[in-house]
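Have a look at model.pdb below; it lists PDB, C-alpha atoms.
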```pdb
ATOM      1  CA  MET A 121     -89.371  36.129  80.043
ATOM      2  CA  GLY A 122     -88.233  32.539  80.508
ATOM      3  CA  HIS A 123     -87.398  33.155  84.158
ATOM      4  CA  TRP A 124     -90.802  34.761  84.761
ATOM      5  CA  PHE A 125     -92.577  31.842  83.052
ATOM      6  CA  TYR A 126     -90.713  29.270  85.135
ATOM      7  CA  ARG A 127     -91.213  31.148  88.388
ATOM      8  CA  ASN A 128     -94.930  31.937  87.909
ATOM      9  CA  ILE A 129     -96.181  29.033  85.783
ATOM     10  CA  VAL A 130     -93.885  26.000  85.926
ATOM     11  CA  GLU A 131     -92.676  26.174  89.525
ATOM     12  CA  PRO A 132     -96.150  26.640  91.126
ATOM     13  CA  GLY A 133     -97.458  23.685  89.071
ATOM     14  CA  LYS A 134     -99.672  25.768  86.754
ATOM     15  CA  LEU A 135     -98.214  24.439  83.503
ATOM     16  CA  PRO A 136    -101.146  22.033  82.811
ATOM     17  CA  MET A 137    -103.604  24.861  83.374
ATOM     18  CA  PHE A 138    -101.610  27.117  81.050
ATOM     19  CA  LEU A 139    -101.459  24.439  78.337
ATOM     20  CA  ALA A 140    -105.201  23.747  78.642
ATOM     21  CA  LEU A 141    -106.045  27.444  78.380
ATOM     22  CA  ALA A 142    -103.677  28.035  75.452
ATOM     23  CA  SER A 143    -105.020  25.044  73.508
ATOM     24  CA  PHE A 144    -108.594  26.090  74.353
ATOM     25  CA  VAL A 145    -108.169  29.626  72.996
ATOM     26  CA  LEU A 146    -106.161  28.486  69.965
ATOM     27  CA  THR A 147    -108.714  25.790  69.096
ATOM     28  CA  PHE A 148    -111.591  28.253  69.329
ATOM     29  CA  ALA A 149    -109.762  30.778  67.127
ATOM     30  CA  VAL A 150    -108.822  28.185  64.482
ATOM     31  CA  THR A 151    -112.322  26.710  64.510
ATOM     32  CA  ARG A 152    -113.919  30.108  63.955
ATOM     33  CA  VAL A 153    -111.553  30.827  61.064
ATOM     34  CA  VAL A 154    -112.357  27.474  59.453
ATOM     35  CA  VAL A 155    -116.145  27.778  59.787
ATOM     36  CA  ARG A 156    -116.057  31.331  58.464
ATOM     37  CA  MET A 157    -114.120  30.093  55.423
ATOM     38  CA  ILE A 158    -116.680  27.311  54.935
ATOM     39  CA  ARG A 159    -119.449  29.879  55.241
ATOM     40  CA  ALA A 160    -117.801  32.059  52.591
ATOM     41  CA  GLY A 161    -117.052  29.086  50.317
ATOM     42  CA  LYS A 162    -113.312  29.687  50.414
ATOM     43  CA  GLY A 163    -110.458  27.285  50.991
ATOM     44  CA  PRO A 164    -110.371  23.500  51.019
ATOM     45  CA  PHE A 165    -112.574  23.096  54.106
ATOM     46  CA  ARG A 166    -116.084  21.662  53.884
ATOM     47  CA  ASN A 167    -118.708  20.425  56.325
ATOM     48  CA  VAL A 168    -118.325  16.823  57.456
ATOM     49  CA  THR A 169    -121.450  15.048  56.164
ATOM     50  CA  PRO A 170    -120.943  11.273  56.018
ATOM     51  CA  GLY A 171    -124.062   9.630  54.690
ATOM     52  CA  GLY A 172    -125.739  13.024  54.377
ATOM     53  CA  MET A 173    -125.653  13.657  58.146
ATOM     54  CA  HIS A 174    -123.898  16.837  59.289
ATOM     55  CA  ILE A 175    -121.404  16.031  62.060
ATOM     56  CA  HIS A 176    -120.947  19.147  64.199
ATOM     57  CA  HIS A 177    -117.549  19.714  65.751
ATOM     58  CA  VAL A 178    -119.106  19.501  69.204
ATOM     59  CA  VAL A 179    -119.088  15.697  68.709
ATOM     60  CA  PRO A 180    -115.289  15.252  68.530
ATOM     61  CA  GLY A 181    -115.074  17.983  71.150
ATOM     62  CA  VAL A 182    -117.035  15.903  73.656
ATOM     63  CA  VAL A 183    -114.850  12.856  72.918
ATOM     64  CA  LEU A 184    -111.612  14.806  73.386
ATOM     65  CA  THR A 185    -112.898  16.472  76.567
ATOM     66  CA  VAL A 186    -113.750  13.098  78.097
ATOM     67  CA  ILE A 187    -110.389  11.608  77.094
ATOM     68  CA  GLY A 188    -108.412  14.581  78.365
ATOM     69  CA  GLY A 189    -110.399  14.886  81.599
ATOM     70  CA  PHE A 190    -110.180  11.245  82.584
ATOM     71  CA  GLY A 191    -106.567  11.100  81.476
ATOM     72  CA  ALA A 192    -105.678  14.101  83.643
ATOM     73  CA  VAL A 193    -107.470  12.630  86.658
ATOM     74  CA  GLY A 194    -105.749   9.284  86.247
ATOM     75  CA  SER A 195    -102.260  10.654  85.578
ATOM     76  CA  ALA A 196     -99.660  11.908  88.012
ATOM     77  CA  ARG A 197     -99.645  15.488  89.230
ATOM     78  CA  GLN A 198     -96.592  16.223  87.100
ATOM     79  CA  GLY A 199     -95.112  14.827  83.922
ATOM     80  CA  VAL A 200     -95.577  14.665  80.197
ATOM     81  CA  GLY A 201     -98.769  12.626  80.467
ATOM     82  CA  LEU A 202    -100.551  15.330  82.438
ATOM     83  CA  ALA A 203     -99.406  17.993  79.971
ATOM     84  CA  VAL A 204    -100.676  15.979  77.003
ATOM     85  CA  CYS A 205    -104.022  15.368  78.702
ATOM     86  CA  ALA A 206    -104.319  19.084  79.464
ATOM     87  CA  VAL A 207    -103.806  19.931  75.782
ATOM     88  CA  ILE A 208    -106.371  17.315  74.710
ATOM     89  CA  PHE A 209    -108.854  18.640  77.264
ATOM     90  CA  GLY A 210    -108.326  22.240  76.098
ATOM     91  CA  ILE A 211    -108.883  21.295  72.455
ATOM     92  CA  GLY A 212    -112.056  19.401  73.323
ATOM     93  CA  ALA A 213    -113.388  22.216  75.503
ATOM     94  CA  GLY A 214    -112.739  24.730  72.729
ATOM     95  CA  LEU A 215    -114.741  22.648  70.236
ATOM     96  CA  VAL A 216    -117.579  22.073  72.708
ATOM     97  CA  LEU A 217    -117.985  25.662  73.894
ATOM     98  CA  ASP A 218    -117.764  26.962  70.336
ATOM     99  CA  GLU A 219    -121.135  25.257  69.850
ATOM    100  CA  PHE A 220    -122.514  25.982  73.300
ATOM    101  CA  ALA A 221    -125.602  27.616  71.761
ATOM    102  CA  LEU A 222    -126.359  24.438  69.817
ATOM    103  CA  ILE A 223    -126.294  22.415  73.048
ATOM    104  CA  LEU A 224    -128.395  25.008  74.873
ATOM    105  CA  HIS A 225    -131.109  25.318  72.219
ATOM    106  CA  LEU A 226    -130.800  21.786  70.793
ATOM    107  CA  ASP A 227    -130.837  23.405  67.366
ATOM    108  CA  ASP A 228    -128.282  24.486  64.770
ATOM    109  CA  VAL A 229    -128.231  28.194  65.670
ATOM    110  CA  TYR A 230    -124.532  28.715  64.925
ATOM    111  CA  TRP A 231    -125.037  31.687  62.594
ATOM    112  CA  SER A 232    -128.167  33.078  64.224
ATOM    113  CA  GLU A 233    -128.606  35.641  66.970
ATOM    114  CA  GLN A 234    -128.718  32.825  69.543
ATOM    115  CA  GLY A 235    -125.305  31.718  68.318
ATOM    116  CA  ARG A 236    -123.776  34.765  69.981
ATOM    117  CA  GLN A 237    -124.161  32.939  73.286
ATOM    118  CA  SER A 238    -121.318  30.610  72.290
ATOM    119  CA  VAL A 239    -118.927  33.534  71.868
ATOM    120  CA  GLU A 240    -120.023  35.049  75.167
ATOM    121  CA  VAL A 241    -119.491  31.774  77.028
ATOM    122  CA  VAL A 242    -116.035  31.295  75.494
ATOM    123  CA  VAL A 243    -114.977  34.824  76.486
ATOM    124  CA  LEU A 244    -116.277  34.300  80.017
ATOM    125  CA  ALA A 245    -114.583  30.897  80.340
ATOM    126  CA  THR A 246    -111.302  32.405  79.139
ATOM    127  CA  ALA A 247    -111.565  35.213  81.690
ATOM    128  CA  LEU A 248    -112.227  32.762  84.521
ATOM    129  CA  ALA A 249    -109.301  30.578  83.439
ATOM    130  CA  LEU A 250    -107.000  33.605  83.281
ATOM    131  CA  LEU A 251    -108.059  34.653  86.783
ATOM    132  CA  THR A 252    -107.378  31.153  88.068
ATOM    133  CA  LEU A 253    -104.028  31.075  86.293
ATOM    134  CA  SER A 254    -103.107  34.428  87.808
ATOM    135  CA  GLY A 255    -103.528  32.992  91.295
ATOM    136  CA  ALA A 256    -107.116  33.821  92.236
ATOM    137  CA  SER A 257    -108.819  30.939  94.018
ATOM    138  CA  PRO A 258    -112.540  30.227  94.325
ATOM    139  CA  LEU A 259    -114.448  32.507  96.731
ATOM    140  CA  GLY A 260    -111.389  34.603  97.481
ATOM    141  CA  VAL A 261    -109.634  32.303  99.930
ATOM    142  CA  ASP A 262    -106.294  33.453  98.521
ATOM    143  CA  GLY A 263    -106.907  36.846 100.124
ATOM    144  CA  LEU A 264    -106.554  35.462 103.646
ATOM    145  CA  THR A 265    -103.518  36.194 105.744
ATOM    146  CA  ASP A 266    -101.411  33.419 107.279
ATOM    147  CA  GLU A 267    -103.125  33.955 110.640
ATOM    148  CA  GLU A 268    -106.582  33.768 109.054
ATOM    149  CA  GLU A 269    -105.668  30.614 107.170
ATOM    150  CA  GLN A 270    -104.661  28.979 110.434
ATOM    151  CA  GLY A 271    -107.947  29.888 112.095
ATOM    152  CA  ARG A 272    -110.823  27.673 111.037
ATOM    153  CA  ALA A 273    -113.414  30.198 112.147
ATOM    154  CA  SER A 274    -112.033  32.970 109.920
ATOM    155  CA  LEU A 275    -111.745  30.613 106.976
ATOM    156  CA  ILE A 276    -115.316  29.368 107.351
ATOM    157  CA  ILE A 277    -116.713  32.886 107.776
ATOM    158  CA  THR A 278    -114.853  34.075 104.679
ATOM    159  CA  LEU A 279    -116.077  31.153 102.593
ATOM    160  CA  ILE A 280    -119.688  31.535 103.735
ATOM    161  CA  GLY A 281    -119.686  35.319 103.250
ATOM    162  CA  ASN A 282    -118.258  35.145  99.739
ATOM    163  CA  PHE A 283    -120.561  32.254  98.859
ATOM    164  CA  VAL A 284    -123.580  34.310  99.966
ATOM    165  CA  PHE A 285    -122.478  37.225  97.755
ATOM    166  CA  VAL A 286    -122.200  34.874  94.760
ATOM    167  CA  ILE A 287    -125.632  33.323  95.379
ATOM    168  CA  VAL A 288    -127.294  36.738  95.766
ATOM    169  CA  ALA A 289    -125.653  37.956  92.551
ATOM    170  CA  PHE A 290    -126.994  34.895  90.720
ATOM    171  CA  ALA A 291    -130.468  35.409  92.214
ATOM    172  CA  LYS A 292    -130.460  39.032  91.025
ATOM    173  CA  GLY A 293    -129.720  37.951  87.464
ATOM    174  CA  LYS A 294    -126.072  39.088  87.555
ATOM    175  CA  LEU A 295    -124.664  35.882  86.104
ATOM    176  CA  ARG A 296    -121.383  37.301  84.828
ATOM    177  CA  LEU A 297    -120.676  39.142  88.067
ATOM    178  CA  GLY A 298    -121.551  36.023  90.041
ATOM    179  CA  LEU A 299    -119.215  33.782  88.053
ATOM    180  CA  ILE A 300    -116.301  36.200  88.211
ATOM    181  CA  GLY A 301    -117.140  36.790  91.880
ATOM    182  CA  THR A 302    -116.281  33.170  92.665
ATOM    183  CA  LEU A 303    -112.682  34.224  92.074
ATOM    184  CA  VAL A 304    -112.852  37.940  92.921
ATOM    185  CA  PRO A 305    -115.181  38.477  95.917
ATOM    186  CA  LEU A 306    -115.471  42.234  95.394
ATOM    187  CA  VAL A 307    -117.140  41.635  92.032
ATOM    188  CA  ALA A 308    -119.759  39.379  93.624
ATOM    189  CA  LEU A 309    -120.368  42.028  96.284
ATOM    190  CA  VAL A 310    -121.093  44.616  93.579
ATOM    191  CA  GLY A 311    -123.613  42.272  91.981
ATOM    192  CA  ALA A 312    -125.203  41.516  95.355
ATOM    193  CA  VAL A 313    -125.841  45.129  96.402
ATOM    194  CA  ARG A 314    -127.155  46.440  93.086
ATOM    195  CA  LEU A 315    -130.754  46.311  91.899
ATOM    196  CA  ALA A 316    -131.900  42.984  90.506
ATOM    197  CA  ARG A 317    -132.652  42.577  86.813
ATOM    198  CA  PRO A 318    -136.341  42.375  85.882
ATOM    199  CA  GLY A 319    -137.543  38.803  85.712
ATOM    200  CA  SER A 320    -134.818  37.480  88.003
ATOM    201  CA  PRO A 321    -135.783  35.277  90.975
ATOM    202  CA  TRP A 322    -134.875  38.123  93.378
ATOM    203  CA  ALA A 323    -137.080  40.614  91.530
ATOM    204  CA  ARG A 324    -140.024  38.222  91.406
ATOM    205  CA  ARG A 325    -139.723  37.491  95.119
ATOM    206  CA  PHE A 326    -138.842  40.855  96.679
ATOM    207  CA  TYR A 327    -140.099  43.426  94.137
ATOM    208  CA  ARG A 328    -143.575  41.923  93.850
ATOM    209  CA  ASN A 329    -145.194  44.534  96.079
ATOM    210  CA  ARG A 330    -142.682  47.326  95.395
ATOM    211  CA  PRO A 331    -143.695  49.054  92.149
ATOM    212  CA  ARG A 332    -141.071  51.769  92.528
ATOM    213  CA  ALA A 333    -138.300  49.189  92.869
ATOM    214  CA  ARG A 334    -139.624  47.326  89.827
ATOM    215  CA  ALA A 335    -139.732  50.542  87.816
ATOM    216  CA  ARG A 336    -136.177  51.498  88.841
ATOM    217  CA  ALA A 337    -134.896  48.011  88.044
ATOM    218  CA  THR A 338    -136.542  48.038  84.618
ATOM    219  CA  LEU A 339    -135.254  51.522  83.802
ATOM    220  CA  ARG A 340    -131.720  50.644  84.883
ATOM    221  CA  ALA A 341    -131.787  47.430  82.845
ATOM    222  CA  VAL A 342    -132.950  49.316  79.743
ATOM    223  CA  HIS A 343    -130.214  51.941  80.125
ATOM    224  CA  HIS A 344    -127.569  49.283  80.762
ATOM    225  CA  ASP A 345    -128.562  47.196  77.750
ATOM    226  CA  ARG A 346    -128.775  50.265  75.524
ATOM    227  CA  ARG A 347    -125.329  51.431  76.629
ATOM    228  CA  TRP A 348    -123.517  48.106  76.274
ATOM    229  CA  ALA A 349    -125.502  46.236  73.612
ATOM    230  CA  ARG A 350    -123.735  47.778  70.613
ATOM    231  CA  PRO A 351    -120.135  47.397  71.901
ATOM    232  CA  ARG A 352    -120.869  43.841  73.047
ATOM    233  CA  ARG A 353    -122.368  42.901  69.687
ATOM    234  CA  ALA A 354    -119.451  44.481  67.848
ATOM    235  CA  LEU A 355    -116.974  42.481  69.930
ATOM    236  CA  GLN A 356    -118.940  39.260  69.390
ATOM    237  CA  ASP A 357    -119.061  39.899  65.628
ATOM    238  CA  LEU A 358    -115.318  40.543  65.603
ATOM    239  CA  ILE A 359    -114.553  37.318  67.437
ATOM    240  CA  GLY A 360    -117.134  34.941  66.023
ATOM    241  CA  GLY A 361    -118.486  36.585  62.888
ATOM    242  CA  ALA A 362    -121.779  38.390  62.291
ATOM    243  CA  PRO A 363    -124.933  36.256  62.338
ATOM    244  CA  ASP A 364    -127.212  35.848  59.336
ATOM    245  CA  ARG A 365    -129.557  38.690  60.236
ATOM    246  CA  ALA A 366    -130.313  39.519  56.611
ATOM    247  CA  GLU A 367    -131.026  35.914  55.745
ATOM    248  CA  GLU A 368    -133.157  35.418  58.834
ATOM    249  CA  SER A 369    -135.275  38.500  58.189
ATOM    250  CA  GLY A 370    -135.309  37.938  54.453
ATOM    251  CA  GLY A 371    -135.844  34.219  54.671
ATOM    252  CA  GLY A 372    -139.192  34.528  56.379
ATOM    253  CA  ALA A 373    -140.660  36.911  53.819
ATOM    254  CA  PRO A 374    -140.278  34.590  50.827
ATOM    255  CA  ASP A 375    -141.797  31.745  52.816
ATOM    256  CA  ARG A 376    -144.783  33.837  53.720
ATOM    257  CA  ALA A 377    -144.977  35.113  50.165
ATOM    258  CA  GLU A 378    -144.886  31.586  48.845
ATOM    259  CA  GLU A 379    -147.494  30.526  51.347
ATOM    260  CA  SER A 380    -149.784  33.414  50.497
ATOM    261  CA  GLY A 381    -148.871  33.256  46.830
ATOM    262  CA  GLY A 382    -149.381  29.526  46.745
ATOM    263  CA  GLY A 383    -152.680  29.865  48.546
ATOM    264  CA  ALA A 384    -154.066  32.526  46.191
ATOM    265  CA  PRO A 385    -153.845  30.388  43.041
ATOM    266  CA  ASP A 386    -155.442  27.517  44.927
ATOM    267  CA  ARG A 387    -158.347  29.695  45.901
ATOM    268  CA  ALA A 388    -158.508  31.107  42.388
ATOM    269  CA  GLU A 389    -158.449  27.647  40.931
ATOM    270  CA  GLU A 390    -161.029  26.527  43.402
ATOM    271  CA  SER A 391    -163.301  29.451  42.611
ATOM    272  CA  GLY A 392    -162.311  29.461  38.972
ATOM    273  CA  GLY A 393    -162.563  25.749  38.672
ATOM    274  CA  GLY A 394    -165.906  25.768  40.385
ATOM    275  CA  ALA A 395    -167.383  28.422  38.048
ATOM    276  CA  PRO A 396    -166.817  26.477  34.833
ATOM    277  CA  ASP A 397    -168.220  23.393  36.500
ATOM    278  CA  ARG A 398    -171.334  25.252  37.441
ATOM    279  CA  ALA A 399    -171.463  26.820  33.996
ATOM    280  CA  GLU A 400    -171.110  23.451  32.362
ATOM    281  CA  GLU A 401    -173.708  22.005  34.653
ATOM    282  CA  SER A 402    -176.141  24.826  33.907
ATOM    283  CA  GLY A 403    -175.028  25.126  30.273
ATOM    284  CA  ALA A 404    -175.291  21.515  29.368
ATOM    285  CA  PRO A 405    -178.995  21.315  30.025
ATOM    286  CA  ASP A 406    -179.512  24.562  28.081
ATOM    287  CA  GLY A 407    -177.723  23.019  25.130
ATOM    288  CA  ASP A 408    -179.805  19.932  25.422
ATOM    289  CA  ARG A 409    -182.867  22.029  25.653
TER     290      ARG A 409
END
```
Could you express the structure from this file as structure tokens?
Amino acid sequence: MGHWFYRNIVEPGKLPMFLALASFVLTFAVTRVVVRMIRAGKGPFRNVTPGGMHIHHVVPGVVLTVIGGFGAVGSARQGVGLAVCAVIFGIGAGLVLDEFALILHLDDVYWSEQGRQSVEVVVLATALALLTLSGASPLGVDGLTDEEEQGRASLIITLIGNFVFVIVAFAKGKLRLGLIGTLVPLVALVGAVRLARPGSPWARRFYRNRPRARARATLRAVHHDRRWARPRRALQDLIGGAPDRAEESGGGAPDRAEESGGGAPDRAEESGGGAPDRAEESGAPDGDR
């Protein structure tokens, strides 16, 4: 094991990448355990609220990411300094991406349905980092032979072709396939040749006057989402915890009930309060008379 690690990680200079990825995954896992304990009211952990303001862990995450990133850029290509900066960067990235949904929506949606986006982004970032660590390079340049690497024309054609596949996959709404396709060109090709998702830029541009293509794209998207929605949600719940669906659905009802319930007495008081006034007004003169 030690020989394999040295030959495939240390010797090719991938140790900083390995340390950043390991610290990233470990930080995300520890953070999720801590916030789930806080959510359940267990353990010594509590939210950080100095002066009544809730400090989200994305704040120290941004600071650590900046420190680790600039430190890695300014350090030597090898050495302890680079390794330390890689660990700091991985910790910061783990804290930041754990609250990716908060940054995206500019709202505290950590335990809502939108909060699942953080888990999805972390899983995707981990997959991309693992592909890079395994030796895959952007746009599949690592697949070239020695002769192709020496020829500028072949290199340029390969880069442009793979880049086109990635862009088409993005335009068709295949974001995951497009991102992974930057490292594995065949994946981007699959996303480029398949039907676009409804609402994607490709569908709006090229399916505008093709009702059959729009219908096929919609039907395929429905079948795909129905097939993979439940396993994907189960995996996200396992990794990040289930969102507050019950509280979200139940929280709105009491508010509406209070609003309607609070409004009814007001109307009753208004009508009830008005009746005695009118009675008094009409009754007072009768008494006088």
Point to revise | CA of Gly201 (chain A) to CA of Ala247 (chain A), distance in Å rounded to a single decimal | key: 26.0 Å
Output the residue selection produced by the PyMOL selection byres ((chain A and resi 217) around 8) on the file above, formatted as a PDB file with C-alpha atoms, in the frame of the given file.
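Output (part.pdb):
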```pdb
ATOM      1  CA  VAL A 178    -119.106  19.501  69.204  1.00  0.00           C
ATOM      2  CA  ALA A 213    -113.388  22.216  75.503  1.00  0.00           C
ATOM      3  CA  GLY A 214    -112.739  24.730  72.729  1.00  0.00           C
ATOM      4  CA  LEU A 215    -114.741  22.648  70.236  1.00  0.00           C
ATOM      5  CA  VAL A 216    -117.579  22.073  72.708  1.00  0.00           C
ATOM      6  CA  ASP A 218    -117.764  26.962  70.336  1.00  0.00           C
ATOM      7  CA  GLU A 219    -121.135  25.257  69.850  1.00  0.00           C
ATOM      8  CA  PHE A 220    -122.514  25.982  73.300  1.00  0.00           C
ATOM      9  CA  SER A 238    -121.318  30.610  72.290  1.00  0.00           C
ATOM     10  CA  VAL A 241    -119.491  31.774  77.028  1.00  0.00           C
ATOM     11  CA  VAL A 242    -116.035  31.295  75.494  1.00  0.00           C
TER      12      VAL A 242
END
```
Review point. Smallest atom-to-atom distance to Val200 (chain A): which of A:Leu224, A:Ala249, A:Leu135, A:Val183, using all atoms listed in the file?
Key: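 Nearest to Val200 (chain A): A:Leu135.
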Point to revise | Top pick for closest residue to Asn282 (chain A), considering A:Leu303, A:Arg350, A:Arg324, A:Gly210 and counting only C-alpha atoms | key: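 For Asn282 (chain A), the nearest of the candidates is A:Leu303.
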Exercise for review: Identify which of the residues A:Leu244, A:Val342, A:Ile300, A:Ala308 lies closest to Val284 (chain A), counting only C-alpha atoms when measuring atom-to-atom distances.
Suggested key: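 Selected residue with least distance to Val284 (chain A): A:Ala308.
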Point to revise | Result set of the PyMOL selection byres ((chain A and resi 309) around 10) on the coordinates above, as a PyMOL selection string | key: chain A and resi 281-282+284-286+288-289+297-298+301+304-308+310-314
Save the residues we just selected, C-alpha atoms, as a PDB file, keeping the file's coordinate frame?
```pdb
ATOM      1  CA  GLY A 281    -119.686  35.319 103.250  1.00  0.00           C
ATOM      2  CA  ASN A 282    -118.258  35.145  99.739  1.00  0.00           C
ATOM      3  CA  VAL A 284    -123.580  34.310  99.966  1.00  0.00           C
ATOM      4  CA  PHE A 285    -122.478  37.225  97.755  1.00  0.00           C
ATOM      5  CA  VAL A 286    -122.200  34.874  94.760  1.00  0.00           C
ATOM      6  CA  VAL A 288    -127.294  36.738  95.766  1.00  0.00           C
ATOM      7  CA  ALA A 289    -125.653  37.956  92.551  1.00  0.00           C
ATOM      8  CA  LEU A 297    -120.676  39.142  88.067  1.00  0.00           C
ATOM      9  CA  GLY A 298    -121.551  36.023  90.041  1.00  0.00           C
ATOM     10  CA  GLY A 301    -117.140  36.790  91.880  1.00  0.00           C
ATOM     11  CA  VAL A 304    -112.852  37.940  92.921  1.00  0.00           C
ATOM     12  CA  PRO A 305    -115.181  38.477  95.917  1.00  0.00           C
ATOM     13  CA  LEU A 306    -115.471  42.234  95.394  1.00  0.00           C
ATOM     14  CA  VAL A 307    -117.140  41.635  92.032  1.00  0.00           C
ATOM     15  CA  ALA A 308    -119.759  39.379  93.624  1.00  0.00           C
ATOM     16  CA  VAL A 310    -121.093  44.616  93.579  1.00  0.00           C
ATOM     17  CA  GLY A 311    -123.613  42.272  91.981  1.00  0.00           C
ATOM     18  CA  ALA A 312    -125.203  41.516  95.355  1.00  0.00           C
ATOM     19  CA  VAL A 313    -125.841  45.129  96.402  1.00  0.00           C
ATOM     20  CA  ARG A 314    -127.155  46.440  93.086  1.00  0.00           C
TER      21      ARG A 314
END
```
Review point. Pick the closest to Asp227 (chain A) from A:His176, A:Pro170, A:Gly360, A:Val155: which is it, counting all atoms listed in the file?
Key: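 When distances to Asp227 (chain A) are compared using all atoms listed in the file, the smallest one comes from A:His176.
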**Study point:** Option closest in space to Ala149 (chain A), from A:Thr252, A:Gly293, A:Ala335, A:Leu358 [counting all atoms listed in the file]
**Key:** A:Leu358
Practice item. Could you please determine the separation between CA of Thr169 (chain A) and CA of Val186 (chain A) in Å, to one decimal place? Key: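 That distance, rounded to one decimal, is 23.3 Å.
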Check your understanding: Which residue gives the smallest distance to Leu202 (chain A) among A:Met137, A:Ile223, A:Val145, A:Trp322, with only C-alpha atoms counted?
Key -> A:Met137
Check your understanding: Mind listing as a PyMOL selection string all residues within 9 Å of (-130.1, 35.9, 88.6), counting only C-alpha atoms?
Key -> chain A and resi 287-295+298+316-317+319-323
Can you sort out region 330-335 of chain A so it carries all heavy atoms, written as a PDB file, in the coordinates of the input?
```pdb
ATOM      1  N   ARG A 330    -143.449  46.070  95.388  1.00  0.00           N
ATOM      2  CA  ARG A 330    -142.682  47.326  95.395  1.00  0.00           C
ATOM      3  C   ARG A 330    -142.629  47.867  93.971  1.00  0.00           C
ATOM      4  O   ARG A 330    -141.657  47.646  93.239  1.00  0.00           O
ATOM      5  CB  ARG A 330    -141.284  47.092  95.948  1.00  0.00           C
ATOM      6  CG  ARG A 330    -141.260  46.571  97.386  1.00  0.00           C
ATOM      7  CD  ARG A 330    -139.859  46.138  97.792  1.00  0.00           C
ATOM      8  NE  ARG A 330    -138.909  47.232  97.634  1.00  0.00           N
ATOM      9  CZ  ARG A 330    -137.579  47.060  97.725  1.00  0.00           C
ATOM     10  NH1 ARG A 330    -137.082  45.856  97.916  1.00  0.00           N
ATOM     11  NH2 ARG A 330    -136.772  48.093  97.584  1.00  0.00           N
ATOM     12  N   PRO A 331    -143.660  48.575  93.542  1.00  0.00           N
ATOM     13  CA  PRO A 331    -143.695  49.054  92.149  1.00  0.00           C
ATOM     14  C   PRO A 331    -142.566  50.025  91.823  1.00  0.00           C
ATOM     15  O   PRO A 331    -142.068  50.033  90.698  1.00  0.00           O
ATOM     16  CB  PRO A 331    -145.065  49.733  92.036  1.00  0.00           C
ATOM     17  CG  PRO A 331    -145.477  50.021  93.450  1.00  0.00           C
ATOM     18  CD  PRO A 331    -144.883  48.943  94.283  1.00  0.00           C
ATOM     19  N   ARG A 332    -142.155  50.835  92.804  1.00  0.00           N
ATOM     20  CA  ARG A 332    -141.071  51.769  92.528  1.00  0.00           C
ATOM     21  C   ARG A 332    -139.767  51.023  92.292  1.00  0.00           C
ATOM     22  O   ARG A 332    -138.990  51.388  91.395  1.00  0.00           O
ATOM     23  CB  ARG A 332    -140.913  52.746  93.696  1.00  0.00           C
ATOM     24  CG  ARG A 332    -142.094  53.706  93.862  1.00  0.00           C
ATOM     25  CD  ARG A 332    -141.841  54.711  94.967  1.00  0.00           C
ATOM     26  NE  ARG A 332    -140.669  55.541  94.688  1.00  0.00           N
ATOM     27  CZ  ARG A 332    -140.177  56.443  95.532  1.00  0.00           C
ATOM     28  NH1 ARG A 332    -140.761  56.634  96.711  1.00  0.00           N
ATOM     29  NH2 ARG A 332    -139.133  57.157  95.194  1.00  0.00           N
ATOM     30  N   ALA A 333    -139.517  49.980  93.068  1.00  0.00           N
ATOM     31  CA  ALA A 333    -138.300  49.189  92.869  1.00  0.00           C
ATOM     32  C   ALA A 333    -138.339  48.480  91.513  1.00  0.00           C
ATOM     33  O   ALA A 333    -137.323  48.402  90.809  1.00  0.00           O
ATOM     34  CB  ALA A 333    -138.149  48.178  94.003  1.00  0.00           C
ATOM     35  N   ARG A 334    -139.506  47.971  91.136  1.00  0.00           N
ATOM     36  CA  ARG A 334    -139.624  47.326  89.827  1.00  0.00           C
ATOM     37  C   ARG A 334    -139.372  48.318  88.702  1.00  0.00           C
ATOM     38  O   ARG A 334    -138.689  48.000  87.719  1.00  0.00           O
ATOM     39  CB  ARG A 334    -141.016  46.709  89.663  1.00  0.00           C
ATOM     40  CG  ARG A 334    -141.264  45.475  90.501  1.00  0.00           C
ATOM     41  CD  ARG A 334    -142.414  44.648  89.927  1.00  0.00           C
ATOM     42  NE  ARG A 334    -143.600  45.469  89.700  1.00  0.00           N
ATOM     43  CZ  ARG A 334    -144.557  45.659  90.589  1.00  0.00           C
ATOM     44  NH1 ARG A 334    -144.454  45.113  91.793  1.00  0.00           N
ATOM     45  NH2 ARG A 334    -145.611  46.398  90.298  1.00  0.00           N
ATOM     46  N   ALA A 335    -139.922  49.523  88.846  1.00  0.00           N
ATOM     47  CA  ALA A 335    -139.732  50.542  87.816  1.00  0.00           C
ATOM     48  C   ALA A 335    -138.268  50.951  87.708  1.00  0.00           C
ATOM     49  O   ALA A 335    -137.725  51.088  86.603  1.00  0.00           O
ATOM     50  CB  ALA A 335    -140.602  51.754  88.113  1.00  0.00           C
TER      51      ALA A 335
END
```
